[in-house]
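These notes are about the structure you will find just below.
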Amino acid sequence: MATFKDFRNDVKPNWCPGCGDFSVQAAIQRAAANVGLQPENLAVVSGIGCSGRISGYINSYGFHGIHGRSLPIAQGVKMANRDLTVIASGGDGDGFAIGMGHTIHAIRRNIDVTYIVMDNQIYGLTKGQTSPRSAAGFKTKSTPAGSIEQAISPMEMALTVGATFVAQSFSTDLKDLTALIEAGINHKGFSLINVFSPCVTYNKVNTYDWFKENLTKLSDIEGYDPHNREAAMQTLMKHKGLVTGLIYQNTEQKSYQELVHGYKETPLTQADLELDQNYFDKLVAEFM
Amino acid sequence: MIKQLSWKVGGQQGEGIESTGEIFAIALNRLGYYLYGYRHFSSRIKGGHTNNKIRVSTTEVRSISDDLDILVAFDQETIDVNYKELHSKGLILADAKFGPTKPEDTEASLFVVPFTEIATELGTSLMKNMVAIGATAAVLDLDIQVFEEVVREIFGKKGDQVVAKNMDAIKAGFDNMKDKLGQGVEPMHLEKADGKHRMFMIGNDAIALGAIAGGCRFMAAYPITPASEIMEYLIKKLPALGGTVIQTEDEIAAATMAIGANYAGVRTITASAGPGLSLKMEAIGLAGMTEVPLVIVDTQRGGPSTGLPTKQEQSDLMAMIYGTHGEIPKIVMAPSTVEEAFYDTAEAFNLAEEYQVPVIILSDLQLSLGKQTVEPLNVDNVEIRRGKLLSGDLPEIEAKGYFKRYEVTEDGVSPRVIPGMKNGIHHVTGVEHAETGKPSESAANRLAQMDKRMRKLENIRFNTPVYKNAKHEEADVLFVGFNSTRGVIEEAMGRLENDGLKVNHAHIRLIHPFPTDEVLPLIQSAKKVVVLENNATGQLANIIKMNVGHADKIVKHVKYDGNPFLPHEVYTKAKELF
């Protein structure tokens with residue numbers, strides 16, 4: 001059995017001291033061990049930005065792609081080898097700005113990939129510009145007079161486009177976060193986990209203290225039912241999206257893999273590449 | 001007796017013009033004739049002039065003809081737009097419904113046939129196309145029974161009665177036209193064909209079939225003209241092989257999903273046209289940098305921007321060679337026939353894996369959509385080679401150590417493993433990286449990795465990088481082209497040879513890296529080099545000048561009005577040089 005230490009490598013992250021992403025890294029490593037994975041059976045695909053470096057900091061197969069495209073790459077990996085556990089990850093700019101189109105379609109496609117967004121409401125690696133998660137009025141280098149655009153509500157968005165697993169966490173809640181990632185991995189279908197992961201260098205508004213003051217744990221809401229989509233939406237709206245825990249899960253909806261016509265139980269990587277002569281002759285005859 | 005015939009049917013888009021041409025062509029193909037089709041259509045579903053021109057011959061043809069023997073018209077626009085192609089003994093068969101008139105400046109004959117009226121009397125005006133096929137059969141003195149099998153295949157599902165009615169419509173058209181013939185116009189007796197069964201397909205069919213034969217089991221793509229037939233074919237056929245096609249949300253997702261699947265070890269294709277390729281460029285750079293095999297099809301159409309989306313052009317050449325920022329090794333290949341499209345696509349997967357590079361298969365609209373008779377394809381000639389992809393147990397690596405996925409080797413190609421393999425863990429990144437895939441910005445590493453990547457294609461092994469028909473040691477003219485212009489060059493060549501000129505022909509199948517050694521001797525031994533291409537700036541000519549030199553000999557013959565070259569245009573331009 002692999003332990004979380006087996007998912008550590010010797011690369012020193014280039015994140016700032018105090019960055020929330022360290023905890024997300026640790027949570028992925030713990031969750032991977034807890035669900036019984038071996039490092040070679042995990043593929044972590046990431047985007048571009050500070051958080052995008054995470055695929056290089058976990059001892060597993062890692063693919064650090066291009067900005068905003070971690071999801072299509074991750075879905076391609078999963079389609080090729082359904083035996084792999086595939087985690088996609090990146091920041092809020094990656095997932096909700098340049099890659100938003102992919103996020104929406106990955107949700108509705110429902111391929112069995114777990115997507116972890118490290119949401120710090122700012123562009124960090126490019127040294128402090130506004131993000132689609134920045135609140136209206138938020139002052140950055142690119143919005144010196146304060147952002148005049150509305151922030152995206154990713155959890156509400158996910159519910160409206162047919163998500164089957166929606167969760168949110170806070171990087172300091174390592175135990176809860178680890179449990180949510182495990183649940184996401186075990187979920188049959190696409191799981192979206194948005195993690196508030198504060199940027200200690202460029203975001204002086206949404207700080208650790210700010211989140212502690214403003215977040216509500218869903219487990220503290222009496223009778224909250226994560227299988228009730230309508231109630232989930234109301235709760236999100238009531239709390240302006242600032243909740244943590246499993247927001248919604250649909251265990252009835254089949255994953256993409258389960259619905260694809262002709263898709264085998266064995267990974268596609270094991271398919272025979274040689275074409276049977278009889279099958280070829282049949283294909284040729286159709287053009288005669 | 002005539003050995004070949006050029007037939008065109010035209011009308012409003014959505015009127016069944018395409019199926020009229022299809023039924024006519026399939027039946028003749030089964031009689032053993034060689035066919036070559038050209039579709040003129042617009043980027044809309046209903047309305048707008050459309051036509052389908054089909055050349056029928058007892059010998060191989062790979063180009064549209066200069067003129068036209070028979071024009072079947074369902075509206076006046078068809079006559080007005082196309083009558084100038086008719087030679088003096090040509091015929092117009094027009095539907096009585098629209099009161100057709102013949103322009104004054106043509107010697108061709110007009111026959112007015114009540115296509116719609118006959119069809120309506122037999123049950124439905126929809127069958128007017130069948131009446132037109134019957135009328136054509138009368139002109140050609142064909143036995144209408146040749147159409148029955150095709151009609152049965154197409155309408156069989158709707159029941160015997162529908163089949164019978166459609167055959168009645170063909171017969172009624174035949175009889176009506178038969179009565180008109182003999183009154184000054186003789187039937188065009190088409191010489192009998194060899195009766196051999198050959199395939200009749202478009203280039204996109206061959207690309208898709210070649211992908212299957214080449215071990216492709218997954219496709220990620222976004223619909224676009226003129227590439228969509230590739231995904232439409234593969235989604236029908238891949239499930240039987242355990243694979244599938246995903247229609248992605250956009251072109252970028254298609255390319256990156258294909259990268260993900262190829263990285264994970266499944267031969268995956270993506271296909272698009274110019275606008276899609278523009279969007280895929282960053283991903284192609286990622287594949288180059290991460291050394292993930294990737295096969296991409298570019299079915300060229302009229303650009304720039306949305307350009308002429310349903311028209312012929314070959315203007316993506318430079319973009320495909322140089323597109324993506326930075327520098328990567330890349331293979332750009334250009335099949336020149338439907339047969340080559342099949343074999344080249346299968347081979348593209350081998351090259352992509354052997355060199356661990358993106359491979360772009362360049363096609364053009366006429367090659368991708370022009371339906372033609374194809375010589376038998378042999379799957380035995382397709383081999384699967386996966387290069388340095390490792391399998392089985394890998395040697396233990398030290399704790400926390402990474403597999404050297406980017407090991408610096410003599411030929412530049414590194415051993416490759418896929419996710420799931422024990423002791424194969426490594427990192428993959430578009431950031432410059434060391435042998436293990438870990439990011440590295442050191443100057444020495446940069447040079448080592450850049451040189452390693454670029455070294456991979458220095459000695460590329462590519463079967464037949466240039467198609468050559470060069471029987472003259474010293475030629476007056478060397479024609480050079482790529483993709484669908486091969487047939488038109490061959491036809492013009494024959495005429496020029498008849499005039500006493502010595503003509504050689506080189507069709508470039510490997511565009512990049514450019515096969516300079518193959519092309520140089522042909523250019524050296526020619527007085528003039530005519531580079532034929534469907535673009536405005538002469539991109540291939542410029543590539544030849546850059547790689548081979550001899551700029552003084554090179555004559556650009558370009559056409560960029562959206563239509564393929566005609567044989568007489570190629571002939572005339574070459575004649576003018578002497």
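A note on labels: chains of the structure tokens are A, B, ... as shown, every chain counts residues from 1, and ligands are counted from 1 in their shown order.
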
Fewer than 5 positions away in the same chain doesn't count, so skip those; otherwise give me all residues within 6 Å of range 142-152 of chain A, counting only C-alpha atoms, as a ChimeraX atom specification. /A:129,132-137

Please identify all residues of chain B having at least one atom at most 7 Å from any atom of chain A, considering only C-alpha atoms, and return them as a compact mmCIF listing (two decimals) with C-alpha atoms, in the first residue's frame.
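Output contents, as saved in selection.txt:
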```
# COMPACT_ATOMS: atom_id res chain seq x y z
CA HIS B 197 -15.35 -2.97 -59.27
CA ARG B 198 -13.47 -0.06 -57.77
CA MET B 199 -14.05 2.14 -54.76
CA PHE B 200 -15.76 5.51 -55.22
CA MET B 201 -14.91 7.86 -52.41
CA ALA B 213 -5.94 1.13 -40.70
CA GLY B 215 -4.35 2.11 -35.55
CA PRO B 239 -17.06 1.92 -31.70
CA ALA B 240 -16.68 -1.54 -33.29
CA GLY B 242 -13.55 -0.06 -28.90
CA GLY B 243 -12.86 3.57 -29.70
CA GLU B 249 -16.61 22.43 -27.46
CA ALA B 253 -10.20 21.38 -26.89
CA THR B 256 -5.52 19.33 -26.52
CA MET B 257 -7.80 16.35 -25.92
CA ALA B 258 -6.00 14.58 -28.75
CA ILE B 259 -2.70 15.45 -27.07
CA GLY B 260 -3.94 14.00 -23.77
CA ALA B 261 -5.04 10.75 -25.41
CA ALA B 264 -1.66 8.33 -22.59
CA GLY B 265 -0.85 5.94 -25.44
CA VAL B 266 -3.80 5.85 -27.84
CA LYS B 400 12.01 9.86 -5.87
CA PRO B 419 0.99 6.68 -17.74
CA GLY B 420 0.21 3.57 -15.77
CA MET B 421 3.66 2.05 -16.27
CA LYS B 422 5.56 1.31 -13.05
CA ILE B 425 6.95 8.26 -13.74
CA HIS B 426 8.21 11.51 -15.21
CA HIS B 427 6.97 15.02 -15.69
CA VAL B 428 5.72 16.55 -18.91
CA THR B 429 5.66 20.29 -19.37
CA GLY B 430 5.60 22.95 -22.03
```

What's around Glu252 in chain A at 10 Å? Count only C-alpha atoms, leave out sequence neighbours fewer than 3 positions away in its own chain, and write the answer as a PDB file with N, CA and C atoms, in the first residue's frame.
```pdb
ATOM      1  N   THR A 164     -22.446  16.862 -11.689  1.00  0.00           N
ATOM      2  CA  THR A 164     -22.861  15.721 -10.864  1.00  0.00           C
ATOM      3  C   THR A 164     -22.117  15.674  -9.533  1.00  0.00           C
ATOM      4  N   LYS A 188     -18.387   8.641  -9.682  1.00  0.00           N
ATOM      5  CA  LYS A 188     -18.403   8.162 -11.070  1.00  0.00           C
ATOM      6  C   LYS A 188     -18.886   9.296 -11.966  1.00  0.00           C
ATOM      7  N   GLN A 249     -24.266  16.397  -5.100  1.00  0.00           N
ATOM      8  CA  GLN A 249     -23.813  15.181  -5.782  1.00  0.00           C
ATOM      9  C   GLN A 249     -25.003  14.448  -6.367  1.00  0.00           C
ATOM     10  N   SER A 255     -21.756   8.221 -15.865  1.00  0.00           N
ATOM     11  CA  SER A 255     -20.614   8.963 -16.398  1.00  0.00           C
ATOM     12  C   SER A 255     -20.552   8.781 -17.919  1.00  0.00           C
TER      13      SER A 255
END
```

List the neighbours of Asp176 in chain A out to 12 Å using only C-alpha atoms; skip same-chain residues closer than 3 positions along the sequence, and give me the result as a PyMOL selection string. chain A and resi 23-24+27-28+30-31+167-173+179-183+193+195+217-219+244-246

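Between Asn459 in chain B and the candidates B:Ser228, B:Leu478, B:Phe514, B:Pro439, the tightest atom-to-atom separation, counting only C-alpha atoms, involves B:Phe514.
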
If we count only C-alpha atoms, what is near Asp119 in chain A at a cut-off of 6 Å, once residues fewer than 6 positions away on the same chain are taken out, given as a ChimeraX atom specification? /A:91-92,195-197

What would the file look like if the residues just selected were written as a compact mmCIF listing (two decimals), in the first residue's frame with N, CA and C atoms?
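Result written to part.txt:
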```txt
# COMPACT_ATOMS: atom_id res chain seq x y z
N GLY A 91 -5.64 27.25 -11.55
CA GLY A 91 -6.16 28.37 -10.78
C GLY A 91 -7.49 28.87 -11.30
N ASP A 92 -7.99 29.93 -10.66
CA ASP A 92 -9.28 30.47 -11.07
C ASP A 92 -9.19 31.16 -12.43
N VAL A 195 -11.29 25.28 -4.39
CA VAL A 195 -10.61 25.43 -3.09
C VAL A 195 -10.14 26.88 -2.92
N PHE A 196 -10.63 27.54 -1.86
CA PHE A 196 -10.12 28.88 -1.56
C PHE A 196 -8.69 28.72 -1.08
N SER A 197 -7.77 29.26 -1.86
CA SER A 197 -6.35 29.04 -1.61
C SER A 197 -5.66 30.40 -1.65
```

If you run DSSP over the backbone, which residues in range 284-424 of chain B end up alpha helix (DSSP H)? Put them as a PyMOL selection string. chain B and resi 284-290+317-322+338-355+365-369

Written file, previous selection with C-alpha atoms, as a PDB file, in the first residue's frame:
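The result, written out as out.pdb:
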```pdb
ATOM      1  CA  ILE B 284       0.667  22.045 -31.730  1.00  0.00           C
ATOM      2  CA  GLY B 285       3.525  23.905 -30.079  1.00  0.00           C
ATOM      3  CA  LEU B 286       2.781  22.056 -26.838  1.00  0.00           C
ATOM      4  CA  ALA B 287       2.934  18.710 -28.647  1.00  0.00           C
ATOM      5  CA  GLY B 288       6.239  19.738 -30.191  1.00  0.00           C
ATOM      6  CA  MET B 289       7.717  20.848 -26.878  1.00  0.00           C
ATOM      7  CA  THR B 290       6.435  17.885 -24.862  1.00  0.00           C
ATOM      8  CA  LEU B 317       1.200  25.985 -46.472  1.00  0.00           C
ATOM      9  CA  MET B 318       3.339  28.571 -44.704  1.00  0.00           C
ATOM     10  CA  ALA B 319       1.055  28.611 -41.665  1.00  0.00           C
ATOM     11  CA  MET B 320       1.345  24.848 -41.292  1.00  0.00           C
ATOM     12  CA  ILE B 321       5.126  24.860 -41.604  1.00  0.00           C
ATOM     13  CA  TYR B 322       5.816  27.882 -39.445  1.00  0.00           C
ATOM     14  CA  VAL B 338      -7.112   9.713 -52.625  1.00  0.00           C
ATOM     15  CA  GLU B 339      -5.038   6.510 -52.528  1.00  0.00           C
ATOM     16  CA  GLU B 340      -2.116   8.408 -51.025  1.00  0.00           C
ATOM     17  CA  ALA B 341      -4.474  10.060 -48.534  1.00  0.00           C
ATOM     18  CA  PHE B 342      -5.247   6.566 -47.229  1.00  0.00           C
ATOM     19  CA  TYR B 343      -1.661   5.317 -46.984  1.00  0.00           C
ATOM     20  CA  ASP B 344      -0.203   8.637 -45.837  1.00  0.00           C
ATOM     21  CA  THR B 345      -2.706   8.998 -43.015  1.00  0.00           C
ATOM     22  CA  ALA B 346      -1.909   5.511 -41.755  1.00  0.00           C
ATOM     23  CA  GLU B 347       1.796   6.283 -42.021  1.00  0.00           C
ATOM     24  CA  ALA B 348       1.374   9.626 -40.225  1.00  0.00           C
ATOM     25  CA  PHE B 349       0.693   7.723 -37.002  1.00  0.00           C
ATOM     26  CA  ASN B 350       3.948   5.817 -37.387  1.00  0.00           C
ATOM     27  CA  LEU B 351       5.928   8.985 -38.053  1.00  0.00           C
ATOM     28  CA  ALA B 352       4.292  10.779 -35.135  1.00  0.00           C
ATOM     29  CA  GLU B 353       5.311   7.991 -32.772  1.00  0.00           C
ATOM     30  CA  GLU B 354       8.736   7.303 -34.257  1.00  0.00           C
ATOM     31  CA  TYR B 355       9.789  10.945 -34.125  1.00  0.00           C
ATOM     32  CA  LEU B 365     -10.991  20.989 -50.502  1.00  0.00           C
ATOM     33  CA  GLN B 366     -10.883  19.347 -53.906  1.00  0.00           C
ATOM     34  CA  LEU B 367      -8.923  16.353 -52.612  1.00  0.00           C
ATOM     35  CA  SER B 368     -11.048  16.123 -49.464  1.00  0.00           C
ATOM     36  CA  LEU B 369     -14.466  16.429 -51.120  1.00  0.00           C
TER      37      LEU B 369
END
```

Residues near Gln372 in chain B, anyone? I mean within 10 Å using only C-alpha atoms, not counting same-chain ones fewer than 4 positions away, as an MDAnalysis selection string. chainID B and resid 25:26 29 34:38 54:56 60:63 198:203 337:338 367

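Between CA of Gln449 in chain B and CA of Thr409 in chain B lies a distance of 10.0 Å.
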